[in-house]
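Undergrad: The structure follows.
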Amino acid sequence: MTPAVVAGAGGAQLRRVRGTGTLLACLGTVGVLFSTGCAGSASGVAQPFTPPPSATASGNPSTTPSSRTLVLTKYGAFWSHLTAVSEAAAADRRQMLSAFATNPALDSLLNGMATADRKGQVFYGQNTPRPRLTRLSDQDGVAVVDDCQDSSHAGLAEKSTGRHLTVGVPRNHVVVTMHRGDDGQWRVAFVSYTRTKC
């Protein structure tokens with residue numbers, strides 16, 4: 001959902017790109033930086049998860065409301081922290097992000113931010129999630145969130161001037177796989193910007 005700058009007769013313009021994560025994927029990251037046409041794979045942007053029928057959020061007796069709340073709270077926190085992490089010193093980013101993301105998404109995001117640094121770019125704004133928990137397996141420590149987020153107030157900006165280079169779309173379909181770590185905390189592990197509408 002990251003638009004690219006298009007030079008034309010009228011000067012540079014913002015172009016809308018589906019997927020905030022699209023920006024990140026193309027930069028080698030995840031989130032506000034994914035650009036249209038990038039797809040997830042073993043590179044860490046996306047991973048499908050098909051739990052057994054008993055592990056669905058609605059059908060697993062061991063899935064408690066508190067588990068759902070923990071997953072969705074951490075999911076929202078992931079998106080709300082991306083811009084601040086992008087603006088931080090490169091040496092501080094891993095520590096800041098590791099509370100909300102794990103590999104391969106963590107390394108992918110950090111690589112994308114490093115690419116943006118080299119281009120003199122930084123994230124701006126914030127994606128507004130509209131998440132729906134579609135799968136949750138407490139036993140396996142895996143959850144899947146289907147999100148039709150509003151990315152129309154987020155994208156990439158020129159670091160030196162603050163000029164917006166890209167902007168997202170109001171309805172950005174994102175599917176995220178989250179893993180629960182040994183410390184009991186849920187973190188984003190894979191982000192997929194789908195081509196389907198939401």
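Please note that chains go A, B, ... in the order of the structure tokens, that every chain numbers its residues from 1, and that ligands are numbered from 1 in the order shown.
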Could you give me, as a ChimeraX atom specification, the residues within 10 Å of A:Trp79, counting only C-alpha atoms and dropping anything in the same chain fewer than 2 positions from it?

TA: /A:31-32,74-77,81-83,100,126-129,188

Undergrad: Could you check which of A:Gly162, A:Phe190, A:Arg195, A:Thr73 is closest to A:Leu106, using only C-alpha atoms?

TA: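 Between A:Gly162, A:Phe190, A:Arg195, A:Thr73, the residue approaching A:Leu106 most closely is A:Phe190.
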
Undergrad: For A:Ala89, work out the shell of residues within 12 Å, counting only C-alpha atoms and skipping chain neighbours fewer than 2 positions away, then give it as a PyMOL selection string.

TA: chain A and resi 84-87+91-96+110+113-114+117+122

Undergrad: Ranking A:Gln121, A:Ser151, A:Ser108, A:Thr69 by minimum distance to A:Leu136 and counting only C-alpha atoms, which one comes first?

TA: A:Thr69

Undergrad: One number please: atom CA of A:Gly181 to atom CA of A:Val145, in Å, one decimal.

TA: 16.9 Å
